[in-house]
Amino acid sequence: MDFSLSKEQQMIVDSVAGFVKDEANVERFREMRETEQGWDPKIWAEMGEYGWLGIAAPESAGGIGGSFVDLALILEQLGRGLSPEPIIASVVLAGGLLEQLGSDEQQQELLAPMIEGKTSYAFAHTERQSRYNPTDVLSTATKTEDGYTLSGEKTWVLNGHAAEKLVVSARTSGSQLDRDGISVFMVDANASGLSSKVVRGMDGQRTAFISLDNVTVPATALIGEEGGAAGAIEWVLDRAAAAACAEAQGCLQQMFELTVSYLKEREQFGSKIGSFQALQHRAADMFAETELCKSAMILAAIRADETDADTRAADISAAKAQLGTGGWFVDENAIQLHGGIGITDEHDIGLFFKRVRVLQGLFGDADYHVDRFQGLEGFDQARG
Amino acid sequence: MDFSLSKEQQMIVDSVAGFVKDEANVERFREMRETEQGWDPKIWAEMGEYGWLGIAAPESAGGIGGSFVDLALILEQLGRGLSPEPIIASVVLAGGLLEQLGSDEQQQELLAPMIEGKTSYAFAHTERQSRYNPTDVLSTATKTEDGYTLSGEKTWVLNGHAAEKLVVSARTSGSQLDRDGISVFMVDANASGLSSKVVRGMDGQRTAFISLDNVTVPATALIGEEGGAAGAIEWVLDRAAAAACAEAQGCLQQMFELTVSYLKEREQFGSKIGSFQALQHRAADMFAETELCKSAMILAAIRADETDADTRAADISAAKAQLGTGGWFVDENAIQLHGGIGITDEHDIGLFFKRVRVLQGLFGDADYHVDRFQGLEGFDQARG
Amino acid sequence: MDMNFSAEDLAFRVEVRDYLDSAMPDHLKAKATQGGGFSHDDEMEWHKILAAKGWAAPRWPVEHGGTAWSVTQSFIFSEECTRANTPTLSPFGLGMVGPLMIQYGTPEQKERFLPKILAGEEVWCQGYSEPNAGSDLASLQLRADDAGDHYILNGQKTWTSAAQYADWIFVLARTSGEGKKQEGITFLLADIKNTDGIDVKPFYTIGGTPAFSDTFFQNAKVPKANRVGPEGGGWTMAKALLGHERTGIGGVGNAKRFIELAKQIARDTPNGTDSLLDDATFRRRIAKLEMRIRTIEMANLRTLASASHGQAPGPESSILKIVGTEATQEATELAMDALGQGAQGWFDAPEGTIHESSRQLQSTFNYLRAATIYGGSNEIQKNIISKHILGLGALG
Amino acid sequence: MDMNFSAEDLAFRVEVRDYLDSAMPDHLKAKATQGGGFSHDDEMEWHKILAAKGWAAPRWPVEHGGTAWSVTQSFIFSEECTRANTPTLSPFGLGMVGPLMIQYGTPEQKERFLPKILAGEEVWCQGYSEPNAGSDLASLQLRADDAGDHYILNGQKTWTSAAQYADWIFVLARTSGEGKKQEGITFLLADIKNTDGIDVKPFYTIGGTPAFSDTFFQNAKVPKANRVGPEGGGWTMAKALLGHERTGIGGVGNAKRFIELAKQIARDTPNGTDSLLDDATFRRRIAKLEMRIRTIEMANLRTLASASHGQAPGPESSILKIVGTEATQEATELAMDALGQGAQGWFDAPEGTIHESSRQLQSTFNYLRAATIYGGSNEIQKNIISKHILGLGALG
């Protein structure tokens, strides 16, 4: 058991922090949110060149073969600058599925260019009825002579508006809630029969609703075994939840620091407002929750590489729930302690506020994760 | 709609307050908790003479025919002195069942002497498995030639250790969770086959576990229709919940006042601790929750006389849940702001703390009432 | 003590319900079913409709155009408005400066302003906060220099809600730098549209709309006739307003609307093979908050009942502001959580992507972070309780 | 960065588990299954067993009898103790005055006291608080007057945990009334049993047991050889102790035990035709707190890992005290709620009335209200965070 950063990790953290300061800062995000794409392919390419996108990918596919913790540390730093580049969508979700299920050829052909920052993907998975249930899929993939025909609708697809290719989940067998029978396919974003609506998010990032109307794909589009994708989907969604905790951690840390600075700077009643004990204690509570979120985020990042699914799920759920409770406490009090200025669009604190709120909901909110936790096999057992 | 006290109500409140100050104060309670009975028959008789025990009972049975609000106002004042006399057990529960179900003769014979303070009763109802479900009854009453034979076990019977007679619920038909088939019987505490174990409570009050081993009662012991007691049981339990809110309100008000006084009196760091803003704000929060409990308690007391069961249930559940959340906040912070002295048995605050905690759990804790509320018919309906 | 509705009350409820149903134009009803994202024009349209009926300012004294409703009737009216999801009228004229003028205005001021407030013909806004005077309002710096029959104003106000729509602004200005800060403040009424030297610059909030403005004053002239109360009496005026504002802001009507919205979204949101409203966890979350709001509503009723017509409630109403705004925020959070991933959508999302009743929700959710800040932040309310009710302020 | 257990770690876990199982006497095991209401004698019996094994003070330096365990091993040991529900050793010697002596004691003091602390042969208690010096500890008034080779003590301590069982007490006493309050305080060790003029009067708490005492000093002589650190250096000593105490008190082991107890009670409690552990609401309440405790445990591990052996963690450990004690209290509340009406029972309830594993619970639940008060109340911890970590203390 060891929680210190290795020399290499410290170097990466420092270089990402520098990058955020110089290139991927909040000012840059303000520009990005006004653009159609919402993020910058040049920055994406740089991230690829630095090796950040492939840090947790296998070496065989051109990755660095590092741990998920390495990636989480990068995301945490990027969160401080509200970087909107689609690491979670493209690397953790779509890339994760290729890593987990793809053949060597598929990894070479598809994963390698993406982690180099030359292209980006998305994972088109959730549907109107599925909420946070990873194996609730109604979209269908019907086998044809030389491939499959896909139909259905996918909602809130992260990076769905900008991805070159989509990893689409669809049923090759079974019914709505079955774990068996779910397959994933690589689909070109401009495939015939595929249409999308772009939604601007409250956090200034973009997602897409994707309709699949008899989209035909060749047999080689299938990633992994037919009908056997559920385990890998759960795996990438857990990792995405851990990644959301990491990115949110950067936001929360930044919000906490901004708030403490503001308390030291703002005067009312002839004193710095940070001299008022009620606000001091609130700040102390924020410190505690920020630190607990940090511990939870590290726990989740470590567990993201865990092979036992229940162990992984339990601690990642604990972390995501902490983001939804303690993280939300920090989020709302950062605004409250800034007072009026905090609800202006002009001030950065509100941008972080909205991003954290969105991350809280992605890949399962606190309610979902509490429910999942109490449903795990180990919950009922007498300790023994 | 009118929330002011009538002249008569104000007079009653003043006279109960005087009684608590002079006779039924916390010092007196400290003596009572060391006795076997736990409460004082002389005080009980006085309460009967003043008409307080019969204030909400029908005039036909020697009562005053007032409203439940009148009784709640009395209980609130008595709560300030931690009066352990069994008003909830004997008047609200057992008496309420006689009122609701008893024949004129039964009311004359049984209700009248009790509300005069000459005797006391108890309602032996909950069982090991029933938790807070009012219609979960396993005890049985088997019809015999000239009466019934009762068997079963009753748990946590308030005043079960001191009551002269017990109103016992038992099944005359149906199975464990059926609403139909529950009957109530008047049983002498010293009936053959009835045995009891007395439990000292953490609040210094006493309850009993009652075992019924083929206890025979005459046919006249049946109160109301055979098998039809469920509605009346639900009614008295709702009123008992409202009564618990009222008694707790007196405790909370007293705790709040003791705490504010302590903040004005205790010095640390060269200042009254009430000058520290963090504690001021905590006191303000306690004030808010105490006031909300008061509003909820009035709402519950008014609804206790409501004939529509769902309307009654919804608001009484809201009040009981407020006691379990906001009331608990006041309860725990009263101790916290007293610091070390607050956890000594010598200081009164801890006695109130324990009584409030017990009242919180009686007749359904917050979880139970939230569950009940969401199950009411009106919850799902679109407003219309 | 009772909560019973008399036969008259029940008849009154029917009258109100029927009236609201018939009086509310279809285009407002359509917006109401979409979570009530009403525009300023919608609000004023509705204001004029109510005014024509004589119901725009129920709690004003009758001689100034109020109703003579009992507390019960006022409660019924507000319940029915919540039920019908009517637009909420702007509080600055009807709830704030109007009652103040009734109490402290000159006969000329009453005659000049009250009818137009009542009729919705003139729109008001509030000029209190400044960049360096938020919670510490008494530190305000907007100067009002004596120039004979008028004052000359220089300085800046901020957080002026809806100033871009307003005809008039009431401001707290500094007429003296001597003595206690509070004693040099004067309450003035300014024609925000037609006074040279007053400039309104709306700015965006995190809700994505320009809900507030900065208001700049540069040698702007305000006649002394537009002063309410004596020179230096502005702090007294501000305190008189405060009670009204607190109950207004903390009111549970909004919280109830958002609870209903959360239920509606949950009912319409499929969750696997059920609807989200069948989900055990979510039902209990709604129930908890709904029960809390019932309790707050009862506290509101008790406060209203104890304050007579036309008067502001005492400092104990601070608790209603605190718990009411917190419950309102929590209700918006619940509605947002009901949306699941959909909570990330924004009001301009394409049709068919977000739940139509929630189109305004994300914006409102964000904007309403202000509810615990404006009108005297909840922290300031706790200072007030601590000082004026609990007597902890004067301790050394 | 990893949480993996090496093969050695796993072997160590087996060793610990086997040892605890074989070493724990049956009568202690029986109490452990009843929620661990251990007596003082039980604790000392267990102390001596662990001491014989060399495991009584794992984090002491090896030369003083500690183990050379890694952080991982210490974690495994404490997990296994929680799992086996072993008695918790009194912290005053092993966790507080022992480490202080190791850091600041004279060679004679180390030789005289440490072995007996380690062996459990002498029991210690802590004399800090006084009736008028609780949170404001520096205001303490127990006088220690210089009388040549000894001090003469007069005054009173209170909240002395388990003083009735103690052989020794460490006290903060005032040796000077000059200068800053903190500078006139001295750290002394007194033989509480054999010193004339020291009187211990246990008093009852709301938990119904005499967990604390008042300790009176009347011309009690304490040799100067029993002073730790210099005269007037007591405040420095106290601060050095603080970090140890905070993590000790806030430790999550207790919280985890109460969560398990809540589950056990829920499992054994029929609820209609199911058990309470099948109840959707109750399951989720347990889950929420269990998840919270995992997070706190991870924070604890990170803190422990960053502090080296024998050293107290820094002020950031204040957060562990706050969140740890709150989680512990919440876990006892959960267990109490599981009992339903049974929560009103008391420890002397007749057999067959209360759940046997909960026999001590109501008492502990009440007593543990102290957890957020003692060891520096949680409010004081927030002052510490605010001042020493956030830098908000020095603002004017």
# chains A, B, ... in the order shown; residues from 1 in each chain; ligands from 1

call {"tool": "interface_residues", "arguments": {"of": "chain A", "to": "chain B", "cutoff": "10 Å", "atoms": "only C-alpha atoms", "output": "PyMOL selection string"}}
result
chain A and resi 276-282

call {"tool": "write_last_selection", "arguments": {"atoms": "N, CA, C and O atoms", "output": "PDB file, in the first residue's frame"}}
result
ATOM      1  N   PHE A 276     -14.835  36.151   9.677  1.00  0.00           N
ATOM      2  CA  PHE A 276     -16.083  35.791  10.360  1.00  0.00           C
ATOM      3  C   PHE A 276     -16.118  34.288  10.627  1.00  0.00           C
ATOM      4  O   PHE A 276     -15.986  33.476   9.711  1.00  0.00           O
ATOM      5  N   GLN A 277     -16.314  33.953  11.881  1.00  0.00           N
ATOM      6  CA  GLN A 277     -16.163  32.548  12.273  1.00  0.00           C
ATOM      7  C   GLN A 277     -17.142  31.609  11.556  1.00  0.00           C
ATOM      8  O   GLN A 277     -16.788  30.484  11.222  1.00  0.00           O
ATOM      9  N   ALA A 278     -18.347  32.098  11.304  1.00  0.00           N
ATOM     10  CA  ALA A 278     -19.307  31.212  10.625  1.00  0.00           C
ATOM     11  C   ALA A 278     -18.794  30.836   9.240  1.00  0.00           C
ATOM     12  O   ALA A 278     -18.959  29.701   8.789  1.00  0.00           O
ATOM     13  N   LEU A 279     -18.145  31.785   8.571  1.00  0.00           N
ATOM     14  CA  LEU A 279     -17.599  31.482   7.247  1.00  0.00           C
ATOM     15  C   LEU A 279     -16.310  30.676   7.358  1.00  0.00           C
ATOM     16  O   LEU A 279     -16.021  29.830   6.510  1.00  0.00           O
ATOM     17  N   GLN A 280     -15.540  30.922   8.398  1.00  0.00           N
ATOM     18  CA  GLN A 280     -14.336  30.104   8.628  1.00  0.00           C
ATOM     19  C   GLN A 280     -14.714  28.631   8.791  1.00  0.00           C
ATOM     20  O   GLN A 280     -14.073  27.746   8.225  1.00  0.00           O
ATOM     21  N   HIS A 281     -15.752  28.403   9.575  1.00  0.00           N
ATOM     22  CA  HIS A 281     -16.140  27.012   9.791  1.00  0.00           C
ATOM     23  C   HIS A 281     -16.702  26.388   8.519  1.00  0.00           C
ATOM     24  O   HIS A 281     -16.491  25.209   8.259  1.00  0.00           O
ATOM     25  N   ARG A 282     -17.411  27.200   7.747  1.00  0.00           N
ATOM     26  CA  ARG A 282     -17.896  26.670   6.466  1.00  0.00           C
ATOM     27  C   ARG A 282     -16.698  26.294   5.595  1.00  0.00           C
ATOM     28  O   ARG A 282     -16.690  25.253   4.951  1.00  0.00           O
TER      29      ARG A 282
END

call {"tool": "closest_atom_pairs", "arguments": {"of": "chain A", "to": "chain D", "cutoff": "8 Å", "atoms": "only C-alpha atoms", "output": "Markdown table"}}
result
| residue | atom | partner | partner_atom | distance |
| --- | --- | --- | --- | --- |
| A:Met1 | CA | D:Met3 | CA | 4.4 |
| A:Asp2 | CA | D:Met1 | CA | 5.1 |
| A:Phe3 | CA | D:Met1 | CA | 4.7 |
| A:Ser4 | CA | D:Met1 | CA | 5.9 |
| A:Leu5 | CA | D:Met1 | CA | 6.2 |
| A:Ser6 | CA | D:Met1 | CA | 7.4 |
| A:Val69 | CA | D:Met1 | CA | 7.5 |
| A:Val260 | CA | D:Leu390 | CA | 7.1 |
| A:Leu263 | CA | D:Leu392 | CA | 8.0 |
| A:Lys264 | CA | D:Leu392 | CA | 7.0 |
| A:Ser271 | CA | D:Gly396 | CA | 5.7 |
| A:Lys272 | CA | D:Gly396 | CA | 6.4 |
| A:Gly274 | CA | D:Leu392 | CA | 5.7 |
| A:Ser275 | CA | D:Leu395 | CA | 5.3 |
| A:Gln280 | CA | D:Ser386 | CA | 5.7 |
| A:His281 | CA | D:Lys382 | CA | 5.6 |
| A:Ala283 | CA | D:Ser386 | CA | 7.2 |
| A:Ala284 | CA | D:Lys382 | CA | 5.6 |
| A:Asp285 | CA | D:Lys382 | CA | 7.6 |
| A:Ala288 | CA | D:Ile319 | CA | 5.4 |
| A:Glu291 | CA | D:Ala299 | CA | 7.6 |
| A:Leu292 | CA | D:Ala299 | CA | 6.3 |
| A:Cys293 | CA | D:Thr295 | CA | 7.8 |
| A:Ser295 | CA | D:Ala299 | CA | 5.3 |
| A:Ala296 | CA | D:Thr295 | CA | 5.3 |
| A:Leu299 | CA | D:Met298 | CA | 7.1 |
| A:Ile302 | CA | D:Asp2 | CA | 6.3 |
| A:Asp315 | CA | D:Arg294 | CA | 7.7 |
| A:Ser317 | CA | D:Met291 | CA | 7.8 |
| A:Ala318 | CA | D:Met291 | CA | 4.7 |
| A:Ala319 | CA | D:Thr295 | CA | 7.1 |
| A:Ala321 | CA | D:Met291 | CA | 7.6 |
| A:Gln322 | CA | D:Arg292 | CA | 6.9 |
| A:Val370 | CA | D:Lys288 | CA | 6.0 |
| A:Asp371 | CA | D:Arg284 | CA | 6.6 |
| A:Phe373 | CA | D:Ala287 | CA | 6.5 |
| A:Gln374 | CA | D:Ala287 | CA | 5.5 |
| A:Asp380 | CA | D:Lys263 | CA | 7.8 |
| A:Ala382 | CA | D:Gln264 | CA | 7.5 |
| A:Arg383 | CA | D:Arg83 | CA | 7.3 |
| A:Gly384 | CA | D:Arg83 | CA | 7.9 |

call {"tool": "calpha_fit_rmsd", "arguments": {"fixed": "chain D", "moving": "chain C"}}
result
0.0 Å

call {"tool": "select_by_dssp", "arguments": {"residues": "region 112-272 of chain A", "states": "alpha helix (DSSP H)", "output": "number ranges by chain"}}
result
A: 112-115, 230-265

call {"tool": "residues_around", "arguments": {"residues": "region 12-26 of chain D", "least_positions_apart": "5", "cutoff": "12 Å", "atoms": "only C-alpha atoms", "output": "ChimeraX atom specification"}}
result
/A:384 /D:5-7,31-33,42-43,45-53,55,69-70,72-87

call {"tool": "write_last_selection", "arguments": {"atoms": "N, CA, C and O atoms", "output": "CSV table (one decimal), in the first residue's frame"}}
result
chain,number,residue,atom,x,y,z
A,384,GLY,N,-16.9,-12.2,7.6
A,384,GLY,CA,-16.3,-13.5,8.1
A,384,GLY,C,-15.1,-13.9,7.2
A,384,GLY,O,-14.8,-13.2,6.2
D,5,PHE,N,-2.2,-5.7,-1.7
D,5,PHE,CA,-1.5,-6.5,-0.6
D,5,PHE,C,-0.6,-7.4,-1.2
D,5,PHE,O,-0.9,-8.2,-2.1
D,6,SER,N,0.7,-7.4,-0.8
D,6,SER,CA,1.7,-8.3,-1.3
D,6,SER,C,1.4,-9.7,-0.7
D,6,SER,O,0.6,-9.8,0.3
D,7,ALA,N,2.1,-10.7,-1.2
D,7,ALA,CA,2.0,-12.0,-0.6
D,7,ALA,C,2.4,-12.0,0.9
D,7,ALA,O,1.7,-12.6,1.7
D,31,LYS,N,-18.5,-11.5,24.8
D,31,LYS,CA,-18.9,-10.1,24.9
D,31,LYS,C,-18.8,-9.4,23.5
D,31,LYS,O,-19.6,-8.5,23.2
D,32,ALA,N,-17.8,-9.8,22.8
D,32,ALA,CA,-17.7,-9.2,21.4
D,32,ALA,C,-18.9,-9.4,20.6
D,32,ALA,O,-19.3,-8.5,19.9
D,33,THR,N,-19.5,-10.6,20.7
D,33,THR,CA,-20.7,-10.8,19.9
D,33,THR,C,-21.9,-10.0,20.4
D,33,THR,O,-22.9,-9.9,19.7
D,42,ASP,N,-11.6,-6.0,31.3
D,42,ASP,CA,-11.5,-6.7,30.0
D,42,ASP,C,-10.4,-6.1,29.2
D,42,ASP,O,-9.6,-6.7,28.6
D,43,GLU,N,-10.4,-4.7,29.2
D,43,GLU,CA,-9.5,-4.0,28.3
D,43,GLU,C,-8.0,-4.3,28.8
D,43,GLU,O,-7.1,-4.5,28.0
D,45,GLU,N,-7.0,-6.8,30.5
D,45,GLU,CA,-6.7,-8.2,30.3
D,45,GLU,C,-6.2,-8.4,28.8
D,45,GLU,O,-5.1,-9.0,28.6
D,46,TRP,N,-6.9,-7.8,27.9
D,46,TRP,CA,-6.5,-7.9,26.5
D,46,TRP,C,-5.2,-7.1,26.2
D,46,TRP,O,-4.3,-7.6,25.5
D,47,HIS,N,-5.0,-6.0,26.9
D,47,HIS,CA,-3.8,-5.2,26.8
D,47,HIS,C,-2.6,-6.2,27.2
D,47,HIS,O,-1.6,-6.2,26.4
D,48,LYS,N,-2.7,-6.8,28.2
D,48,LYS,CA,-1.6,-7.7,28.7
D,48,LYS,C,-1.3,-8.8,27.7
D,48,LYS,O,-0.2,-9.2,27.5
D,49,ILE,N,-2.4,-9.3,27.1
D,49,ILE,CA,-2.2,-10.4,26.1
D,49,ILE,C,-1.5,-9.9,24.9
D,49,ILE,O,-0.5,-10.5,24.4
D,50,LEU,N,-1.9,-8.7,24.4
D,50,LEU,CA,-1.2,-8.1,23.3
D,50,LEU,C,0.2,-7.8,23.6
D,50,LEU,O,1.2,-7.9,22.8
D,51,ALA,N,0.4,-7.2,24.8
D,51,ALA,CA,1.8,-6.8,25.2
D,51,ALA,C,2.7,-8.0,25.3
D,51,ALA,O,3.9,-8.0,24.8
D,52,ALA,N,2.2,-9.2,25.7
D,52,ALA,CA,3.0,-10.4,25.8
D,52,ALA,C,3.4,-10.8,24.4
D,52,ALA,O,4.5,-11.3,24.1
D,53,LYS,N,2.6,-10.5,23.4
D,53,LYS,CA,2.9,-10.8,22.0
D,53,LYS,C,3.8,-9.7,21.4
D,53,LYS,O,4.3,-9.9,20.3
D,55,TRP,N,2.6,-6.7,20.6
D,55,TRP,CA,1.7,-5.9,19.7
D,55,TRP,C,0.9,-4.8,20.4
D,55,TRP,O,-0.1,-4.4,19.8
D,69,TRP,N,6.2,-2.5,11.8
D,69,TRP,CA,5.2,-2.7,10.8
D,69,TRP,C,5.1,-1.6,9.8
D,69,TRP,O,5.3,-0.4,10.2
D,70,SER,N,4.9,-2.0,8.5
D,70,SER,CA,4.6,-0.9,7.5
D,70,SER,C,3.2,-0.4,7.8
D,70,SER,O,2.4,-0.9,8.5
D,72,THR,N,0.8,-0.5,5.7
D,72,THR,CA,-0.1,-1.6,5.3
D,72,THR,C,-0.3,-2.6,6.4
D,72,THR,O,-1.5,-3.0,6.7
D,73,GLN,N,0.7,-3.0,7.1
D,73,GLN,CA,0.6,-4.0,8.2
D,73,GLN,C,-0.2,-3.4,9.3
D,73,GLN,O,-1.1,-4.1,9.9
D,74,SER,N,0.0,-2.1,9.7
D,74,SER,CA,-0.7,-1.5,10.7
D,74,SER,C,-2.2,-1.5,10.4
D,74,SER,O,-3.1,-1.7,11.2
D,75,PHE,N,-2.5,-1.2,9.1
D,75,PHE,CA,-3.8,-1.1,8.6
D,75,PHE,C,-4.5,-2.5,8.7
D,75,PHE,O,-5.6,-2.7,9.2
D,76,ILE,N,-3.8,-3.5,8.3
D,76,ILE,CA,-4.3,-4.9,8.4
D,76,ILE,C,-4.6,-5.3,9.8
D,76,ILE,O,-5.6,-5.8,10.1
D,77,PHE,N,-3.7,-4.9,10.7
D,77,PHE,CA,-3.8,-5.2,12.1
D,77,PHE,C,-5.1,-4.6,12.6
D,77,PHE,O,-5.9,-5.2,13.3
D,78,SER,N,-5.3,-3.3,12.3
D,78,SER,CA,-6.5,-2.6,12.9
D,78,SER,C,-7.8,-3.2,12.2
D,78,SER,O,-8.8,-3.3,12.9
D,79,GLU,N,-7.7,-3.5,10.9
D,79,GLU,CA,-8.8,-4.1,10.3
D,79,GLU,C,-9.2,-5.4,11.0
D,79,GLU,O,-10.4,-5.7,11.2
D,80,GLU,N,-8.2,-6.2,11.3
D,80,GLU,CA,-8.5,-7.5,11.9
D,80,GLU,C,-9.0,-7.4,13.3
D,80,GLU,O,-9.8,-8.2,13.8
D,81,CYS,N,-8.5,-6.4,14.0
D,81,CYS,CA,-9.0,-6.1,15.4
D,81,CYS,C,-10.5,-5.7,15.3
D,81,CYS,O,-11.3,-6.2,16.1
D,82,THR,N,-10.8,-4.9,14.4
D,82,THR,CA,-12.2,-4.5,14.2
D,82,THR,C,-13.1,-5.7,13.9
D,82,THR,O,-14.1,-5.9,14.4
D,83,ARG,N,-12.5,-6.5,12.9
D,83,ARG,CA,-13.3,-7.7,12.5
D,83,ARG,C,-13.5,-8.6,13.7
D,83,ARG,O,-14.6,-9.2,13.8
D,84,ALA,N,-12.5,-8.8,14.5
D,84,ALA,CA,-12.7,-9.7,15.7
D,84,ALA,C,-13.4,-9.0,16.9
D,84,ALA,O,-13.6,-9.7,17.9
D,85,ASN,N,-13.7,-7.7,16.7
D,85,ASN,CA,-14.3,-7.0,17.8
D,85,ASN,C,-13.5,-7.1,19.1
D,85,ASN,O,-14.1,-7.3,20.2
D,86,THR,N,-12.2,-7.0,19.0
D,86,THR,CA,-11.4,-7.0,20.3
D,86,THR,C,-11.7,-5.8,21.1
D,86,THR,O,-12.1,-4.8,20.6
D,87,PRO,N,-11.3,-5.8,22.4
D,87,PRO,CA,-11.4,-4.6,23.2
D,87,PRO,C,-10.5,-3.6,22.6
D,87,PRO,O,-9.4,-3.9,22.0

call {"tool": "residues_around", "arguments": {"residues": "region 215-218 of chain B", "least_positions_apart": "4", "cutoff": "9 Å", "atoms": "only C-alpha atoms", "output": "tab-separated table (two decimals) with N, CA and C atoms, in the first residue's frame"}}
result
chain	number	residue	atom	x	y	z
B	144	THR	N	-64.56	-18.64	22.61
B	144	THR	CA	-64.97	-19.78	23.45
B	144	THR	C	-66.48	-19.63	23.68
B	146	ASP	N	-68.18	-18.63	26.32
B	146	ASP	CA	-68.64	-17.39	26.95
B	146	ASP	C	-67.62	-16.26	26.85
B	147	GLY	N	-66.75	-16.35	25.87
B	147	GLY	CA	-65.78	-15.26	25.74
B	147	GLY	C	-64.69	-15.59	24.74
B	148	TYR	N	-63.46	-15.24	25.12
B	148	TYR	CA	-62.33	-15.45	24.23
B	148	TYR	C	-61.13	-15.94	25.03
B	149	THR	N	-60.25	-16.62	24.32
B	149	THR	CA	-58.96	-16.98	24.93
B	149	THR	C	-57.85	-16.30	24.14
B	150	LEU	N	-57.02	-15.53	24.84
B	150	LEU	CA	-55.98	-14.73	24.18
B	150	LEU	C	-54.60	-15.34	24.39
B	151	SER	N	-53.83	-15.36	23.31
B	151	SER	CA	-52.45	-15.83	23.42
B	151	SER	C	-51.55	-15.01	22.50
B	185	PHE	N	-59.50	-6.11	23.16
B	185	PHE	CA	-60.14	-6.63	24.36
B	185	PHE	C	-59.61	-5.92	25.59
B	186	MET	N	-60.48	-5.78	26.55
B	186	MET	CA	-60.07	-5.19	27.83
B	186	MET	C	-59.65	-6.35	28.74
B	187	VAL	N	-58.42	-6.32	29.20
B	187	VAL	CA	-57.90	-7.44	29.99
B	187	VAL	C	-57.34	-6.90	31.30
B	188	ASP	N	-57.69	-7.55	32.39
B	188	ASP	CA	-57.12	-7.15	33.68
B	188	ASP	C	-55.63	-7.45	33.71
B	191	ALA	N	-54.80	-10.73	35.24
B	191	ALA	CA	-55.51	-11.91	34.75
B	191	ALA	C	-54.59	-13.12	34.78
B	192	SER	N	-55.21	-14.25	34.97
B	192	SER	CA	-54.44	-15.49	35.01
B	192	SER	C	-53.92	-15.81	33.60
B	193	GLY	N	-52.63	-16.16	33.51
B	193	GLY	CA	-52.04	-16.44	32.21
B	193	GLY	C	-51.31	-15.25	31.62
B	194	LEU	N	-51.48	-14.09	32.25
B	194	LEU	CA	-50.78	-12.89	31.78
B	194	LEU	C	-49.54	-12.67	32.63
B	222	LEU	N	-64.72	-7.65	24.82
B	222	LEU	CA	-64.51	-7.17	23.44
B	222	LEU	C	-64.95	-5.71	23.32

call {"tool": "closest_residue", "arguments": {"among": "C:Leu334, C:Leu368, C:Ala220, C:Ile354", "to": "Gly201 (chain A)", "atoms": "only C-alpha atoms"}}
result
C:Ile354

call {"tool": "residues_around", "arguments": {"residues": "region 26-39 of chain A", "least_positions_apart": "6", "cutoff": "12 Å", "atoms": "only C-alpha atoms", "output": "PyMOL selection string"}}
result
chain A and resi 19-20+45+78-87+120+158-163+198-208+251+254+345-352+355

call {"tool": "residues_around", "arguments": {"residues": "Ile64 (chain A)", "least_positions_apart": "5", "cutoff": "7 Å", "atoms": "only C-alpha atoms", "output": "list in words"}}
result
Gly54, Ile55, Ala56, Ala57, Pro58 and Glu59 of chain A

call {"tool": "residues_around", "arguments": {"residues": "region 164-181 of chain A", "least_positions_apart": "4", "cutoff": "6 Å", "atoms": "only C-alpha atoms", "output": "count of residues only"}}
result
21

call {"tool": "closest_residue", "arguments": {"among": "D:Pro350, D:Phe282, D:Thr236, D:Thr364", "to": "chain C", "atoms": "only C-alpha atoms"}}
result
D:Phe282

call {"tool": "closest_residue", "arguments": {"among": "D:Asp279, D:Val97, D:Ala370, D:Glu356", "to": "chain C", "atoms": "only C-alpha atoms"}}
result
D:Asp279

call {"tool": "closest_residue", "arguments": {"among": "C:Thr273, C:Gln360, C:Thr281, C:Ile185", "to": "chain D", "atoms": "only C-alpha atoms"}}
result
C:Thr281
